[in-house]
Structure formats: C-alpha cells, structure tokens
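> This is the structure I want to talk about, given as structure tokens.
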Amino acid sequence: MDIINLLGSSWPTDNVWANIIKIFDIGSYAWTIILFTVILKLVLSPMDFLQRFYTNKTSRAQAKLQPQLAKLQKQYGQNQTLLYQKQNELYRKSGFSMKGSCTVMLLYLVLTLFIFISLFNSMQYIASYKIKVQYEDLKQTYNQTYYSTYLPSIGGSLEEYLNKENNEQREIYIQDLESTLQENEVEEKKQSSISTAQNEVVNKYLQIKDSWLWIKNIWIADKATNKEILDYSSYISLTKDSESEENYNLVMNNLLNSESFSKSVNGYYILPILVVLVSFLSQWISRKMLQSKNSQNVSQPGFAKIMMFLLPFTMLIFTLNSSAIFSIYILTNSLISTLITPIITIICNKIEDKKEIQIKEINKVDYRR
C-alpha cells in the first residue's frame, strides 16, 4: 500500500450547513452541534413566536366562537359549501382571519421541514465524511509505521523510499532489498512490521475517536446493535469509498478483532428514548398551554391528538436510522422548544388578554354614548 495523505479538513467544505456549523466549532463535534442548535433556535425564535402567537390566537377565537360555530354546524351541516360560507362570515364579523393564521402556520411548517430535512442530509454527509477521514488517518498511521519499521529492518530507509519518483520504482526498491534476504526472514520481518503498525493504529484511534458521554462513535446511531468499529461492508455502505476489503481489514485488524473493541456497542438507545419522551412532552405542553380557560371544554382536533404520537414516532425513526450527531440535534432542539413553549404561550396570552380588555373598554364607551 502507498503512503497516503489525509483529506485534511475537520469539516467538509462543499456543504452549506457544514460550513455554517464550522463557525461554531469548539473542538468537540457533539458540543459544537449543541451550540449550533441553540443559536439556530434563537435565530428562528421570532418566527417561532409568530407561529405560536397565531396558533394561540386561533385557539382562543375558536373557543370564543364555539357556541355560534356549533349552531351553524347544526343548521347547515348538510351543505358543506354553505356552512363554509357562514363560518367565514362569522369569522369576518368577529375580526378573525383564518386565512392569515393558516398562511403563517403554513410558512412556519415549510421552513421547519426545509431546515430539518436539509440538516438531516447534511449531517449524514458530515458523518460519512468524518468516518472516511478517520479511516484515512488510521491508514496513514498504519503505512507510516509499517514502512518506517520494515524498511530499516531489511537494510533500507523511509527517506530513500519516499524519494522514488513513482510507486513502480518504490516496489523495485523494496524488491531489491528483499532479494538479499531469505524468504522466511522477509516474511518474518513483514509480519513483525504489520503487527507493530496495527498496534499503532489502535493507539491512533484512541487519540482521534469522536465520542460523547456514553456514545462511543457519534458518527453512527446510538444503538446497542451497532458496534463502535465499523466492519468493511458498513464502512463502504456509509462512505461509498473505493477501498478494498483486504486493505481495510489489514489496517483495522486489531480494532475489528480486539475483544475490547469488537464487543463494544456504540450506545444503549438512550438518545432515541430521550428524543421520544421530550418530543411527546413538548407536544403535550403545547396542547395544554393552548387550552385557555375559554377553551377547556372544546374538544381538540383529531389531527392534534394524532400529532402527539405521530411526531415522537417519526423522531424515533430518524434517531434509529441516522448518526448520533443528528439525534443530538433533535434532542437539543426538542428540549429548547419544551422550555420556551410555556414562556411564549404566557406572553401570547397576555397580549390577547390586553387586547380583549381594550375592546371591552371601547365597547363600554360606545354603549354609554
């Protein structure tokens, strides 16, 4: 095998999100993603507030108009077109615009989905890139150790080997040195150098591995079925690298076969469980906070109830089939949403309460006149 060069970059440079995340790089990839998520959430907070404001406003308006809406449903329920017209008339008279509320919520949904899907694709790409860079680093360590050990043992030097113009001349250089030794002696020195190089690969891996808390390898999913060290088929599947199986297994031999690594699971499903719990809690809090004193007796839409279970289930699928680094993003984002939802809802309620008081005062003045 030839001595190779590292890809040489901590983050891929041909990906928009990777370049943005790189700005917040604090040395630890996991903590960098957490910091990035917090800042991204702060940047999007005005849009988040606007969406929750209109959601809250819609809930309060529907609760206030519920008796009249129920009456219209009873009168015109057989004619959906006429019912829709009467409902719109009622909304207009009350000063409520369903169309405006839906537009804001739709824009927020589109933006949220775009960010989520594009970040998912980018972080999967980053994970693939990092796995490949890590292997290239280990491969370089193997090659440097092997040649710097083997060449002097057969009477040569690494410097002379590297000074050759091409791989063909390097092979001839090695063959000339090996021709002065017995075949069994050459094989013995090769095996000794291979063993030394493979041991050095383990030491290098311990220096460069990307772990976080209980997760051994943040670039693959937090699952007990995943091993910390990827076998050849998993490596090729994730990186689409053209490396041969023979070379990969030679470099990774001690990592793949050492009991401490081969039996080391990457995680214990902690991130998926936390994501499901926090996602469900966030949905539950959102629903409860929207149920104002005027809407406690109003039945919640079936879609809202479905979302309470559908969203956590969707997040579970993503965390089980994506890198741990993306799961960390989902968990951090969900935690922040869970914390700020009550705050935003309280502010929205205060704004609406103040408006209602002002309207009542105006109506009182008009009545006195």
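Each chain in the structure tokens gets a letter, A, B, ..., in the order shown, and its residues are numbered from 1; ligands are numbered from 1 in order too.
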Within segment 111-270 of chain A, find each residue whose DSSP state, derived from the backbone, is alpha helix (DSSP H), and express the selection as a count of residues only.
112
> Using only C-alpha atoms, which protein or nucleic acid residues come within 12 Å of segment 25-29 of chain A? Drop anything in the same chain fewer than 2 positions from it, and give the result as an MDAnalysis selection string.
chainID A and resid 10:11 18:23 31:36 123 126:127 130 208:213 217:219 324:326 328:329
> For N, CA, C and O atoms, I'd like the residues from the last selection saved as a short mmCIF file (atom, residue, chain, number, x, y, z; two decimals), in the first residue's frame.

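Output contents, as saved in selection.cif:
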data_model
loop_
_atom_site.label_atom_id
_atom_site.label_comp_id
_atom_site.auth_asym_id
_atom_site.auth_seq_id
_atom_site.Cartn_x
_atom_site.Cartn_y
_atom_site.Cartn_z
N SER A 10 -11.40 19.27 9.07
CA SER A 10 -12.29 18.77 10.11
C SER A 10 -13.73 18.71 9.63
O SER A 10 -14.50 17.86 10.06
N TRP A 11 -14.10 19.64 8.75
CA TRP A 11 -15.47 19.68 8.22
C TRP A 11 -15.39 19.70 6.70
O TRP A 11 -14.49 20.31 6.12
N ALA A 18 -22.54 22.43 6.71
CA ALA A 18 -21.25 22.09 7.33
C ALA A 18 -20.40 23.34 7.52
O ALA A 18 -19.74 23.51 8.56
N ASN A 19 -20.42 24.25 6.54
CA ASN A 19 -19.67 25.49 6.65
C ASN A 19 -20.23 26.41 7.73
O ASN A 19 -19.48 27.11 8.42
N ILE A 20 -21.56 26.38 7.90
CA ILE A 20 -22.18 27.19 8.95
C ILE A 20 -21.84 26.62 10.32
O ILE A 20 -21.45 27.35 11.25
N ILE A 21 -21.97 25.30 10.46
CA ILE A 21 -21.67 24.64 11.74
C ILE A 21 -20.21 24.85 12.12
O ILE A 21 -19.87 25.03 13.30
N LYS A 22 -19.34 24.85 11.12
CA LYS A 22 -17.91 25.01 11.36
C LYS A 22 -17.59 26.33 12.08
O LYS A 22 -16.62 26.43 12.84
N ILE A 23 -18.42 27.34 11.87
CA ILE A 23 -18.21 28.65 12.52
C ILE A 23 -18.25 28.50 14.03
O ILE A 23 -17.55 29.22 14.76
N TRP A 31 -20.58 18.84 21.17
CA TRP A 31 -20.89 20.11 21.83
C TRP A 31 -21.02 21.24 20.82
O TRP A 31 -21.77 22.21 21.03
N THR A 32 -20.30 21.13 19.70
CA THR A 32 -20.45 22.12 18.63
C THR A 32 -21.86 22.08 18.06
O THR A 32 -22.48 23.13 17.82
N ILE A 33 -22.39 20.87 17.85
CA ILE A 33 -23.75 20.72 17.33
C ILE A 33 -24.76 21.27 18.33
O ILE A 33 -25.75 21.93 17.95
N ILE A 34 -24.53 21.05 19.61
CA ILE A 34 -25.44 21.57 20.65
C ILE A 34 -25.43 23.10 20.63
O ILE A 34 -26.49 23.75 20.66
N LEU A 35 -24.24 23.69 20.56
CA LEU A 35 -24.13 25.16 20.50
C LEU A 35 -24.80 25.69 19.24
O LEU A 35 -25.55 26.68 19.29
N PHE A 36 -24.54 25.05 18.12
CA PHE A 36 -25.15 25.45 16.85
C PHE A 36 -26.68 25.40 16.93
O PHE A 36 -27.37 26.31 16.47
N MET A 123 -25.98 16.46 7.88
CA MET A 123 -25.30 15.78 8.98
C MET A 123 -24.97 14.33 8.64
O MET A 123 -23.97 13.78 9.11
N ILE A 126 -21.89 14.80 6.63
CA ILE A 126 -20.77 15.10 7.52
C ILE A 126 -20.30 13.82 8.22
O ILE A 126 -19.09 13.57 8.34
N ALA A 127 -21.25 13.00 8.67
CA ALA A 127 -20.90 11.75 9.35
C ALA A 127 -20.12 10.84 8.41
O ALA A 127 -19.10 10.25 8.80
N LYS A 130 -16.63 12.25 7.94
CA LYS A 130 -15.78 12.08 9.11
C LYS A 130 -15.33 10.63 9.28
O LYS A 130 -14.20 10.36 9.70
N ILE A 208 -8.00 9.89 18.28
CA ILE A 208 -8.83 10.67 17.35
C ILE A 208 -10.31 10.28 17.37
O ILE A 208 -11.12 10.91 16.67
N LYS A 209 -10.68 9.27 18.14
CA LYS A 209 -12.08 8.83 18.14
C LYS A 209 -13.00 9.96 18.59
O LYS A 209 -12.66 10.77 19.44
N ASP A 210 -14.18 10.02 17.97
CA ASP A 210 -15.16 11.06 18.26
C ASP A 210 -16.28 10.45 19.10
O ASP A 210 -17.23 9.86 18.56
N SER A 211 -16.17 10.58 20.41
CA SER A 211 -17.17 10.04 21.32
C SER A 211 -17.85 11.18 22.07
O SER A 211 -17.41 12.33 22.02
N TRP A 212 -18.93 10.85 22.77
CA TRP A 212 -19.65 11.85 23.58
C TRP A 212 -20.44 11.13 24.66
O TRP A 212 -21.33 10.34 24.36
N LEU A 213 -20.09 11.42 25.90
CA LEU A 213 -20.74 10.79 27.04
C LEU A 213 -20.75 9.27 26.87
O LEU A 213 -19.70 8.67 26.78
N ASN A 217 -19.08 6.28 19.28
CA ASN A 217 -18.82 6.83 17.96
C ASN A 217 -20.03 7.67 17.54
O ASN A 217 -21.09 7.14 17.22
N ILE A 218 -19.87 9.00 17.55
CA ILE A 218 -21.02 9.88 17.30
C ILE A 218 -21.45 9.90 15.84
O ILE A 218 -22.50 10.46 15.52
N TRP A 219 -20.66 9.29 14.96
CA TRP A 219 -20.99 9.34 13.53
C TRP A 219 -21.90 8.19 13.10
O TRP A 219 -22.28 8.12 11.92
N ALA A 324 -25.62 9.60 15.48
CA ALA A 324 -25.91 10.11 16.82
C ALA A 324 -25.82 11.63 16.85
O ALA A 324 -26.53 12.28 17.63
N ILE A 325 -25.00 12.20 15.98
CA ILE A 325 -24.83 13.64 15.97
C ILE A 325 -26.13 14.34 15.56
O ILE A 325 -26.48 15.40 16.09
N PHE A 326 -26.89 13.74 14.65
CA PHE A 326 -28.18 14.32 14.26
C PHE A 326 -29.20 14.11 15.37
O PHE A 326 -30.06 14.97 15.61
N ILE A 328 -28.52 14.13 18.49
CA ILE A 328 -28.19 15.16 19.48
C ILE A 328 -28.84 16.49 19.09
O ILE A 328 -29.35 17.22 19.94
N TYR A 329 -28.83 16.78 17.80
CA TYR A 329 -29.50 18.00 17.30
C TYR A 329 -30.99 17.93 17.61
O TYR A 329 -31.59 18.90 18.11
#
> Quote the spacing between atom CA of Met315 of chain A and atom CA of Pro272 of chain A in Å to one decimal place.
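Rounded to one decimal, the two atoms are 7.9 Å apart.
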> Set the distance at 9 Å and use only C-alpha atoms: which residues neighbour Arg52 of chain A once local chain neighbours fewer than 6 positions away are removed? I'd like the list as a list in words.
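My list of contacting residues is Met105, Thr341, Ile344, Thr345 and Cys348 of chain A.
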> Quick one: distance from atom CA of Ala224 of chain A to atom CA of Ser322 of chain A in Å, one decimal?
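Atom CA of Ser322 of chain A lies 14.0 Å from atom CA of Ala224 of chain A.
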> At what distance in Å, to one decimal, does atom CA of Ser264 of chain A lie from atom CA of Val202 of chain A?
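That distance, rounded to one decimal, is 14.2 Å.
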> Could you list, as a PyMOL selection string, every residue within 10 Å of segment 147-151 of chain A, counting only C-alpha atoms and ignoring same-chain residues fewer than 2 positions away?
chain A and resi 1-3+142-145+153-162+173-174+177-178+186+189-194+196-197
> For segment 77-93 of chain A, list every protein, DNA or RNA residue within 9 Å, evaluated using only C-alpha atoms, and leave out those in the same chain fewer than 5 positions away; present the list as a PyMOL selection string.
chain A and resi 61+65+68-69+72+98
> Which of these, A:Gln51, A:Gln75, A:Asn121, A:Thr338, has the shortest distance to Leu107 of chain A once you count only C-alpha atoms?
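Counting only C-alpha atoms, the residue closest to Leu107 of chain A is A:Gln51.
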> So which residues touch Ile285 of chain A within 10 Å, counting only C-alpha atoms, skipping near sequence neighbours fewer than 2 positions away, as a list in words?
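Final neighbour list, sorted by chain and number: Ser279, Phe280, Leu281, Ser282, Gln283, Arg287, Lys288, Met289, Leu290, Gln291, Ser337, Thr338, Leu339, Thr341 and Pro342 of chain A.
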> Which is closer to Phe116 of chain A than all the others in A:Leu250, A:Trp17, A:Asn56, A:Ile215, using only C-alpha atoms?
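When distances to Phe116 of chain A are compared using only C-alpha atoms, the smallest one comes from A:Trp17.
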> Can you work out which one of A:Lys216, A:Arg60, A:Lys223, A:Lys132 has the shortest atom-to-atom distance to Asn321 of chain A, counting only C-alpha atoms?
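Answer, going by the shortest atom-to-atom distance: A:Lys223.
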